[in-house]
file coords.pdb (PDB, C-alpha atoms and all ligand atoms)
ATOM      1  CA  MET Y   3       5.027  13.770  15.688
ATOM      2  CA  THR Y   4       6.806  11.032  13.728
ATOM      3  CA  ALA Y   5       6.021  11.107  10.025
ATOM      4  CA  SER Y   6       4.355   8.009   8.568
ATOM      5  CA  LEU Y   7       6.973   8.094   5.836
ATOM      6  CA  ARG Y   8      10.147  10.067   5.303
ATOM      7  CA  VAL Y   9      12.231   9.469   2.184
ATOM      8  CA  ARG Y  10      15.542  11.211   1.545
ATOM      9  CA  ASP Y  11      17.613  11.241  -1.645
ATOM     10  CA  LEU Y  12      16.560   7.819  -2.833
ATOM     11  CA  CYS Y  13      18.459   6.525  -5.875
ATOM     12  CA  LYS Y  14      17.786   3.454  -7.971
ATOM     13  CA  SER Y  15      19.170   2.426 -11.343
ATOM     14  CA  TYR Y  16      18.451  -0.546 -13.551
ATOM     15  CA  ASP Y  17      21.237  -1.548 -15.932
ATOM     16  CA  GLY Y  18      22.898   1.829 -15.572
ATOM     17  CA  VAL Y  19      19.687   3.740 -16.271
ATOM     18  CA  ARG Y  20      18.703   5.968 -13.364
ATOM     19  CA  VAL Y  21      15.022   5.551 -12.463
ATOM     20  CA  LEU Y  22      15.065   7.377  -9.110
ATOM     21  CA  ASP Y  23      17.445  10.303  -8.827
ATOM     22  CA  ARG Y  24      17.709  11.656  -5.265
ATOM     23  CA  PHE Y  25      13.976  11.354  -4.707
ATOM     24  CA  SER Y  26      12.566  12.728  -1.435
ATOM     25  CA  VAL Y  27       9.039  12.843  -0.016
ATOM     26  CA  ASP Y  28       7.296  12.999   3.375
ATOM     27  CA  VAL Y  29       3.867  11.653   4.252
ATOM     28  CA  GLU Y  30       2.363  12.724   7.560
ATOM     29  CA  PRO Y  31      -0.096  10.624   9.589
ATOM     30  CA  GLY Y  32      -3.590  10.991   8.133
ATOM     31  CA  GLU Y  33      -2.301  12.500   4.901
ATOM     32  CA  PHE Y  34      -3.164  11.185   1.435
ATOM     33  CA  VAL Y  35      -0.327  11.968  -0.976
ATOM     34  CA  ALA Y  36      -0.737  11.155  -4.659
ATOM     35  CA  LEU Y  37       2.326  10.089  -6.601
ATOM     36  CA  LEU Y  38       1.464  11.389 -10.035
ATOM     37  CA  GLY Y  39       3.327  10.580 -13.207
ATOM     38  CA  PRO Y  40       3.007   8.954 -16.604
ATOM     39  CA  SER Y  41       3.981   5.353 -17.171
ATOM     40  CA  GLY Y  42       7.682   4.604 -16.825
ATOM     41  CA  THR Y  43       8.524   7.420 -14.393
ATOM     42  CA  GLY Y  44       9.395   5.042 -11.567
ATOM     43  CA  LYS Y  45       6.248   4.965  -9.408
ATOM     44  CA  THR Y  46       6.248   1.197  -8.974
ATOM     45  CA  THR Y  47      10.020   1.152  -8.484
ATOM     46  CA  LEU Y  48       9.691   3.755  -5.737
ATOM     47  CA  LEU Y  49       6.890   1.936  -3.895
ATOM     48  CA  ARG Y  50       8.810  -1.362  -4.120
ATOM     49  CA  CYS Y  51      11.959   0.282  -2.764
ATOM     50  CA  LEU Y  52      10.032   1.832   0.141
ATOM     51  CA  ALA Y  53       8.924  -1.601   1.341
ATOM     52  CA  ARG Y  54      12.369  -3.014   0.461
ATOM     53  CA  LEU Y  55      10.817  -5.400  -2.032
ATOM     54  CA  ALA Y  56      13.550  -3.898  -4.213
ATOM     55  CA  ASP Y  57      16.812  -2.541  -2.843
ATOM     56  CA  PRO Y  58      17.611   1.134  -3.433
ATOM     57  CA  ASP Y  59      21.183   2.057  -4.378
ATOM     58  CA  ALA Y  60      21.332   4.963  -1.934
ATOM     59  CA  GLY Y  61      19.147   7.122   0.278
ATOM     60  CA  GLU Y  62      17.167   6.903   3.493
ATOM     61  CA  ILE Y  63      13.668   5.550   4.157
ATOM     62  CA  TYR Y  64      11.887   5.915   7.485
ATOM     63  CA  VAL Y  65       8.535   4.227   8.047
ATOM     64  CA  GLY Y  66       7.473   5.563  11.433
ATOM     65  CA  SER Y  67      10.537   4.954  13.582
ATOM     66  CA  HIS Y  68      11.927   2.164  11.379
ATOM     67  CA  ALA Y  69      14.986   2.979   9.269
ATOM     68  CA  MET Y  70      13.958   0.679   6.421
ATOM     69  CA  HIS Y  71      17.151   1.226   4.434
ATOM     70  CA  LEU Y  72      19.227  -0.276   7.263
ATOM     71  CA  LEU Y  73      17.131  -3.341   8.051
ATOM     72  CA  SER Y  74      17.302  -6.956   6.949
ATOM     73  CA  GLY Y  75      15.961 -10.350   7.978
ATOM     74  CA  ARG Y  76      13.479 -10.505  10.818
ATOM     75  CA  ALA Y  77      13.763  -6.802  11.685
ATOM     76  CA  LEU Y  78      12.792  -5.954   8.103
ATOM     77  CA  ARG Y  79       9.798  -8.305   8.204
ATOM     78  CA  VAL Y  80       8.605  -6.705  11.451
ATOM     79  CA  ALA Y  81       8.995  -3.208   9.995
ATOM     80  CA  ARG Y  82       7.197  -4.240   6.794
ATOM     81  CA  HIS Y  83       4.225  -5.196   8.917
ATOM     82  CA  GLU Y  84       3.710  -1.474   9.562
ATOM     83  CA  ILE Y  85       2.843  -1.104   5.892
ATOM     84  CA  GLY Y  86      -0.466  -1.921   4.217
ATOM     85  CA  PHE Y  87      -0.408  -2.672   0.492
ATOM     86  CA  VAL Y  88      -2.954  -2.156  -2.239
ATOM     87  CA  PHE Y  89      -1.762  -2.956  -5.738
ATOM     88  CA  GLN Y  90      -3.182  -2.584  -9.222
ATOM     89  CA  GLN Y  91      -3.101  -6.335  -9.640
ATOM     90  CA  PHE Y  92      -5.300  -7.340  -6.757
ATOM     91  CA  ASN Y  93      -3.003  -8.740  -4.080
ATOM     92  CA  LEU Y  94      -5.314 -11.100  -2.239
ATOM     93  CA  VAL Y  95      -5.173 -14.843  -1.714
ATOM     94  CA  ARG Y  96      -7.645 -15.651  -4.479
ATOM     95  CA  ARG Y  97      -9.108 -18.888  -3.149
ATOM     96  CA  ARG Y  98      -9.591 -17.551   0.385
ATOM     97  CA  SER Y  99     -12.596 -15.634   1.660
ATOM     98  CA  ALA Y 100     -12.675 -11.883   2.104
ATOM     99  CA  LEU Y 101     -12.641 -12.490   5.866
ATOM    100  CA  GLU Y 102      -9.568 -14.750   5.738
ATOM    101  CA  ASN Y 103      -7.752 -12.228   3.572
ATOM    102  CA  VAL Y 104      -8.461  -9.474   6.073
ATOM    103  CA  LEU Y 105      -7.303 -11.729   8.907
ATOM    104  CA  THR Y 106      -3.920 -12.216   7.246
ATOM    105  CA  GLY Y 107      -3.340  -8.609   8.304
ATOM    106  CA  ARG Y 108      -2.992 -10.015  11.835
ATOM    107  CA  LEU Y 109      -0.569 -12.791  10.847
ATOM    108  CA  ALA Y 110       2.541 -11.356  12.467
ATOM    109  CA  ASP Y 111       0.698 -11.321  15.788
ATOM    110  CA  VAL Y 112      -0.874 -14.774  15.558
ATOM    111  CA  SER Y 113       0.891 -18.041  16.293
ATOM    112  CA  LEU Y 114       1.536 -20.343  13.370
ATOM    113  CA  TRP Y 115      -0.623 -23.254  14.505
ATOM    114  CA  ARG Y 116      -3.678 -21.028  14.622
ATOM    115  CA  VAL Y 117      -3.076 -19.965  11.052
ATOM    116  CA  ILE Y 118      -2.610 -23.560   9.907
ATOM    117  CA  ALA Y 119      -5.766 -24.553  11.746
ATOM    118  CA  GLY Y 120      -7.561 -21.533  10.289
ATOM    119  CA  ARG Y 121      -8.375 -20.432  13.818
ATOM    120  CA  PHE Y 122      -7.843 -16.847  14.745
ATOM    121  CA  PRO Y 123      -8.337 -15.257  18.158
ATOM    122  CA  GLU Y 124     -11.875 -13.998  18.650
ATOM    123  CA  ALA Y 125     -10.688 -10.399  19.036
ATOM    124  CA  ASP Y 126      -9.030 -10.597  15.605
ATOM    125  CA  CYS Y 127     -12.201 -11.968  14.043
ATOM    126  CA  ARG Y 128     -14.205  -9.136  15.567
ATOM    127  CA  ALA Y 129     -11.685  -6.601  14.240
ATOM    128  CA  ALA Y 130     -11.864  -8.190  10.782
ATOM    129  CA  PHE Y 131     -15.673  -8.086  10.669
ATOM    130  CA  ALA Y 132     -15.621  -4.461  11.837
ATOM    131  CA  ALA Y 133     -13.108  -3.554   9.113
ATOM    132  CA  LEU Y 134     -15.197  -5.339   6.458
ATOM    133  CA  GLU Y 135     -18.243  -3.420   7.656
ATOM    134  CA  ARG Y 136     -16.290  -0.154   7.452
ATOM    135  CA  VAL Y 137     -15.386  -0.769   3.810
ATOM    136  CA  GLY Y 138     -18.969  -1.805   3.007
ATOM    137  CA  LEU Y 139     -18.347  -5.538   2.564
ATOM    138  CA  LEU Y 140     -19.862  -7.174   5.618
ATOM    139  CA  ASP Y 141     -22.265  -9.136   3.401
ATOM    140  CA  TYR Y 142     -19.330 -10.515   1.409
ATOM    141  CA  ALA Y 143     -17.232 -11.773   4.339
ATOM    142  CA  PHE Y 144     -17.437 -15.420   3.274
ATOM    143  CA  GLN Y 145     -17.197 -14.840  -0.464
ATOM    144  CA  ARG Y 146     -14.012 -16.047  -2.157
ATOM    145  CA  ALA Y 147     -11.707 -13.171  -3.100
ATOM    146  CA  ASP Y 148     -11.642 -14.158  -6.778
ATOM    147  CA  GLN Y 149     -15.436 -13.920  -6.899
ATOM    148  CA  LEU Y 150     -15.427 -10.263  -5.849
ATOM    149  CA  SER Y 151     -15.356  -7.331  -8.274
ATOM    150  CA  GLY Y 152     -12.104  -5.395  -8.689
ATOM    151  CA  GLY Y 153     -13.361  -2.551  -6.528
ATOM    152  CA  GLN Y 154     -14.474  -4.967  -3.813
ATOM    153  CA  GLN Y 155     -11.065  -6.655  -3.847
ATOM    154  CA  GLN Y 156      -9.347  -3.316  -3.305
ATOM    155  CA  ARG Y 157     -11.711  -2.689  -0.392
ATOM    156  CA  VAL Y 158     -10.667  -6.022   1.135
ATOM    157  CA  ALA Y 159      -7.007  -4.941   0.865
ATOM    158  CA  ILE Y 160      -7.906  -1.685   2.617
ATOM    159  CA  ALA Y 161      -9.741  -3.598   5.372
ATOM    160  CA  ARG Y 162      -6.629  -5.768   5.767
ATOM    161  CA  ALA Y 163      -4.507  -2.646   6.347
ATOM    162  CA  ILE Y 164      -7.032  -1.475   8.975
ATOM    163  CA  VAL Y 165      -6.795  -4.674  11.064
ATOM    164  CA  GLN Y 166      -3.031  -4.684  10.540
ATOM    165  CA  ARG Y 167      -3.036  -1.242  12.182
ATOM    166  CA  SER Y 168      -0.689  -0.045   9.462
ATOM    167  CA  HIS Y 169       0.858   3.363   9.899
ATOM    168  CA  LEU Y 170       1.520   3.640   6.207
ATOM    169  CA  MET Y 171      -0.415   2.458   3.182
ATOM    170  CA  LEU Y 172       1.323   2.074  -0.157
ATOM    171  CA  ALA Y 173      -1.075   1.879  -3.068
ATOM    172  CA  ASP Y 174       0.276   1.286  -6.576
ATOM    173  CA  GLU Y 175      -2.305   2.425  -9.143
ATOM    174  CA  PRO Y 176      -5.065   0.844  -7.091
ATOM    175  CA  VAL Y 177      -7.795   2.088  -9.427
ATOM    176  CA  ALA Y 178      -6.122   1.484 -12.797
ATOM    177  CA  SER Y 179      -8.264  -1.571 -13.563
ATOM    178  CA  LEU Y 180     -11.525  -0.166 -12.198
ATOM    179  CA  ASP Y 181     -14.407   1.591 -13.919
ATOM    180  CA  PRO Y 182     -14.712   5.325 -13.107
ATOM    181  CA  ALA Y 183     -17.399   4.974 -10.420
ATOM    182  CA  ALA Y 184     -15.546   2.192  -8.591
ATOM    183  CA  ALA Y 185     -12.281   4.120  -8.929
ATOM    184  CA  GLU Y 186     -13.769   7.196  -7.284
ATOM    185  CA  SER Y 187     -15.304   5.265  -4.422
ATOM    186  CA  VAL Y 188     -12.051   3.380  -3.699
ATOM    187  CA  LEU Y 189     -10.059   6.651  -3.663
ATOM    188  CA  ALA Y 190     -12.638   8.318  -1.416
ATOM    189  CA  LEU Y 191     -12.399   5.347   0.936
ATOM    190  CA  LEU Y 192      -8.581   5.514   0.996
ATOM    191  CA  ARG Y 193      -8.724   9.213   1.821
ATOM    192  CA  ASP Y 194     -11.293   8.713   4.596
ATOM    193  CA  ILE Y 195      -9.445   5.734   6.131
ATOM    194  CA  ALA Y 196      -6.218   7.772   6.136
ATOM    195  CA  ARG Y 197      -7.907  10.441   8.236
ATOM    196  CA  GLU Y 198      -9.839   8.109  10.543
ATOM    197  CA  HIS Y 199      -6.847   5.910  11.365
ATOM    198  CA  ARG Y 200      -4.131   8.573  11.155
ATOM    199  CA  MET Y 201      -2.566   6.437   8.452
ATOM    200  CA  GLY Y 202      -0.293   8.035   5.875
ATOM    201  CA  VAL Y 203      -1.213   7.001   2.334
ATOM    202  CA  LEU Y 204       1.124   7.201  -0.652
ATOM    203  CA  CYS Y 205      -0.876   6.318  -3.737
ATOM    204  CA  SER Y 206       0.435   6.273  -7.292
ATOM    205  CA  LEU Y 207      -1.931   7.446  -9.996
ATOM    206  CA  HIS Y 208      -1.557   8.435 -13.629
ATOM    207  CA  GLN Y 209      -4.745  10.523 -13.912
ATOM    208  CA  PRO Y 210      -4.201  14.152 -12.758
ATOM    209  CA  VAL Y 211      -7.962  14.679 -12.377
ATOM    210  CA  LEU Y 212      -8.249  11.945  -9.763
ATOM    211  CA  ALA Y 213      -5.121  13.116  -7.937
ATOM    212  CA  GLU Y 214      -6.425  16.675  -7.717
ATOM    213  CA  ARG Y 215      -9.827  15.568  -6.549
ATOM    214  CA  PHE Y 216      -8.794  13.154  -3.805
ATOM    215  CA  ALA Y 217      -5.251  13.856  -2.647
ATOM    216  CA  ASP Y 218      -4.238  16.240   0.130
ATOM    217  CA  ARG Y 219      -1.023  16.806  -1.763
ATOM    218  CA  ILE Y 220       0.454  15.800  -5.118
ATOM    219  CA  CYS Y 221       4.012  14.666  -5.608
ATOM    220  CA  GLU Y 222       4.939  14.655  -9.287
ATOM    221  CA  MET Y 223       7.259  12.060 -10.746
ATOM    222  CA  ARG Y 224       9.147  13.273 -13.792
ATOM    223  CA  PRO Y 225      11.059  11.223 -16.313
ATOM    224  CA  SER Y 226      14.649  11.004 -15.077
ATOM    225  CA  PRO Y 227      17.323  12.444 -17.370
ATOM    226  CA  GLY Y 228      19.021   9.051 -17.109
TER     227      GLY Y 228
HETATM  228  N1  LIG I 301      13.075  -5.076 -12.460
HETATM  229  C1  LIG I 301      13.441  -4.181 -13.394
HETATM  230  N2  LIG I 301      14.497  -4.409 -14.199
HETATM  231  C2  LIG I 301      14.877  -3.511 -15.131
HETATM  232  N3  LIG I 301      14.229  -2.345 -15.359
HETATM  233  C3  LIG I 301      13.164  -2.066 -14.612
HETATM  234  C4  LIG I 301      12.709  -2.966 -13.589
HETATM  235  N4  LIG I 301      11.606  -2.405 -12.996
HETATM  236  C5  LIG I 301      11.401  -1.216 -13.624
HETATM  237  N5  LIG I 301      12.333  -1.010 -14.579
HETATM  238  C6  LIG I 301      12.403   0.180 -15.444
HETATM  239  O1  LIG I 301      12.332   1.333 -14.618
HETATM  240  C7  LIG I 301      11.549   2.351 -15.243
HETATM  241  C8  LIG I 301      10.416   2.762 -14.308
HETATM  242  O2  LIG I 301       9.481   1.691 -14.245
HETATM  243  P1  LIG I 301       8.287   1.682 -13.208
HETATM  244  O3  LIG I 301       8.823   1.893 -11.844
HETATM  245  O4  LIG I 301       7.498   0.451 -13.446
HETATM  246  O5  LIG I 301       7.466   2.985 -13.632
HETATM  247  P2  LIG I 301       5.903   3.323 -13.441
HETATM  248  O6  LIG I 301       5.398   2.486 -12.321
HETATM  249  O7  LIG I 301       5.872   4.788 -13.164
HETATM  250  O8  LIG I 301       5.255   2.997 -14.750
HETATM  251  C9  LIG I 301      11.095   1.796 -16.576
HETATM  252  O9  LIG I 301      11.966   2.266 -17.554
HETATM  253  C10 LIG I 301      11.222   0.298 -16.402
HETATM  254  O10 LIG I 301      11.488  -0.334 -17.617
HETATM  255 MG    MG I 302       3.795   1.188 -12.196
END
call {"tool": "encode", "arguments": {"input": "coords.pdb", "output": "structure tokens", "more": "lines below"}}
Ligand SMILES: Nc1ncnc2c1ncn2[C@@H]1O[C@H](COP(=O)(O)OP(=O)(O)O)[C@@H](O)[C@H]1O
Ligand SMILES: [Mg+2]
result
Amino acid sequence: MTASLRVRDLCKSYDGVRVLDRFSVDVEPGEFVALLGPSGTGKTTLLRCLARLADPDAGEIYVGSHAMHLLSGRALRVARHEIGFVFQQFNLVRRRSALENVLTGRLADVSLWRVIAGRFPEADCRAAFAALERVGLLDYAFQRADQLSGGQQQRVAIARAIVQRSHLMLADEPVASLDPAAAESVLALLRDIAREHRMGVLCSLHQPVLAERFADRICEMRPSPG
């Protein structure tokens, strides 16, 4: 079976300082891998490079069958659509409803005029409501994103990845701004969604206790010698 994510010998330096030094990791479908490391060890840099939001200096990145390191332009945008994102700083459109944010997961498949008109195909709307129900937010479908709690906003981002039918979810410290109870329930949800949808999840964390409790496997990031 094709891995959700395969990374080989990834290198990235900023101003001559090496942040990623031949970094490799695999994430299989349905697997929740925690990227564990203290601040400054390159977790955010790695996740940005994987989605090609930053360009690595060397190495190979495969998301499903897409060779991310070789792509640009439209092919890169299509490949990026395979990836769901959950960030520490909630990455929703703040003034839009939870439902509309989830529906943006379908954007690549929906024609532009429908988006401008705010009209999505009925099947997409059904999928979005089902995803909101799965993450426990059906009652909040029409609430503006910026009026949801931090934990609820992360759940909306997870619902968006479900309707997007992502094969890989990249989560960058998704629970760093949450209280302990909300943090645990968001991580439990990520783990369960990974299994249910055969989605690989790579999730950076800085708390070893949470990584050990929720992850199938832990990948440790160490400070690079430079
Ligand atoms: N855009 C950038 N320009 C220069 N240095 C950067 C940039 N992004 C990250 N770095 C540096 O790379 C190192 C790793 O940062 P980061 O990936 O944010 O680590 P983490 O997410 O584990 O805290 C840090 O030393 C940081 O200062
Ligand atoms: Mg970071």
call {"tool": "resolve_selection", "arguments": {"input": "coords.pdb", "expression": "the PyMOL selection byres (((not hetatm)) within 12 of (chain I and resi 301))", "output": "PyMOL selection string"}}
result
chain Y and resi 13-23+37-51+55-58+89-90+173-176+178+205-208+222-228
call {"tool": "closest_residue", "arguments": {"input": "coords.pdb", "among": "Y:Ala190, Y:Ile63, Y:Leu94, Y:Ala53", "to": "Arg8 (chain Y)", "atoms": "only C-alpha atoms"}}
result
Y:Ile63
call {"tool": "resolve_selection", "arguments": {"input": "coords.pdb", "expression": "the PyMOL selection byres (((chain Y and resi 70-81) around 10) and not hetatm)", "output": "PyMOL selection string"}}
result
chain Y and resi 9+12+51-54+57-69+82-85+110
call {"tool": "residues_around", "arguments": {"input": "coords.pdb", "residues": "region 130-132 of chain Y", "least_positions_apart": "6", "cutoff": "9 Å", "atoms": "only C-alpha atoms", "output": "PyMOL selection string"}}
result
chain Y and resi 101-102+104-105+107+139-140+143+161-162+164-165
call {"tool": "residues_around", "arguments": {"input": "coords.pdb", "residues": "Asn93 (chain Y)", "least_positions_apart": "6", "cutoff": "12 Å", "atoms": "only C-alpha atoms", "output": "ChimeraX atom specification"}}
result
/Y:86-87,100,103-104,106,147-148,152,155-160,162,173-174,176
call {"tool": "atom_distance", "arguments": {"input": "coords.pdb", "atom1": "CA of Ile195 (chain Y)", "atom2": "CA of Gly32 (chain Y)"}}
result
8.1 Å
call {"tool": "closest_residue", "arguments": {"input": "coords.pdb", "among": "Y:Asp11, Y:Asp218, Y:Val177, Y:Pro210", "to": "ligand MG 302 (chain I)", "atoms": "all atoms listed in the file"}}
result
Y:Val177
call {"tool": "resolve_selection", "arguments": {"input": "coords.pdb", "expression": "the PyMOL selection byres (((chain Y and resi 216) around 7) and not hetatm)", "output": "JSON, numbers by chain"}}
result
{"Y": [189, 190, 193, 212, 213, 214, 215, 217, 218]}
call {"tool": "closest_residue", "arguments": {"input": "coords.pdb", "among": "Y:Ser99, Y:Thr4, Y:Gln209, Y:Ser26", "to": "Leu150 (chain Y)", "atoms": "all atoms listed in the file"}}
result
Y:Ser99
call {"tool": "closest_residue", "arguments": {"input": "coords.pdb", "among": "Y:Asp28, Y:Asp181, Y:Asp141, Y:Glu135", "to": "Val203 (chain Y)", "atoms": "only C-alpha atoms"}}
result
Y:Asp28
call {"tool": "atom_distance", "arguments": {"input": "coords.pdb", "atom1": "CA of Pro31 (chain Y)", "atom2": "CA of Gly138 (chain Y)"}}
result
23.5 Å
call {"tool": "axis_aligned_box", "arguments": {"input": "coords.pdb", "around": "region 176-194 of chain Y", "padding_each_side": "8 Å", "output": "JSON"}}
result
{"center_x": -11.2, "center_y": 3.8, "center_z": -4.7, "size_x": 28.3, "size_y": 26.8, "size_z": 34.5}
call {"tool": "residues_around", "arguments": {"input": "coords.pdb", "residues": "Val29 (chain Y)", "least_positions_apart": "2", "cutoff": "6 Å", "atoms": "only C-alpha atoms", "output": "PyMOL selection string"}}
result
chain Y and resi 6-7+202
call {"tool": "atom_distance", "arguments": {"input": "coords.pdb", "atom1": "CA of His199 (chain Y)", "atom2": "CA of Arg97 (chain Y)"}}
result
28.8 Å
call {"tool": "closest_residue", "arguments": {"input": "coords.pdb", "among": "Y:Glu198, Y:Phe34, Y:Gln91, Y:Cys221", "to": "ligand MG 302 (chain I)", "atoms": "only C-alpha atoms and all ligand atoms"}}
result
Y:Gln91
call {"tool": "closest_residue", "arguments": {"input": "coords.pdb", "among": "Y:Arg98, Y:His169, Y:Arg128, Y:Arg121", "to": "Gln145 (chain Y)", "atoms": "all atoms listed in the file"}}
result
Y:Arg98
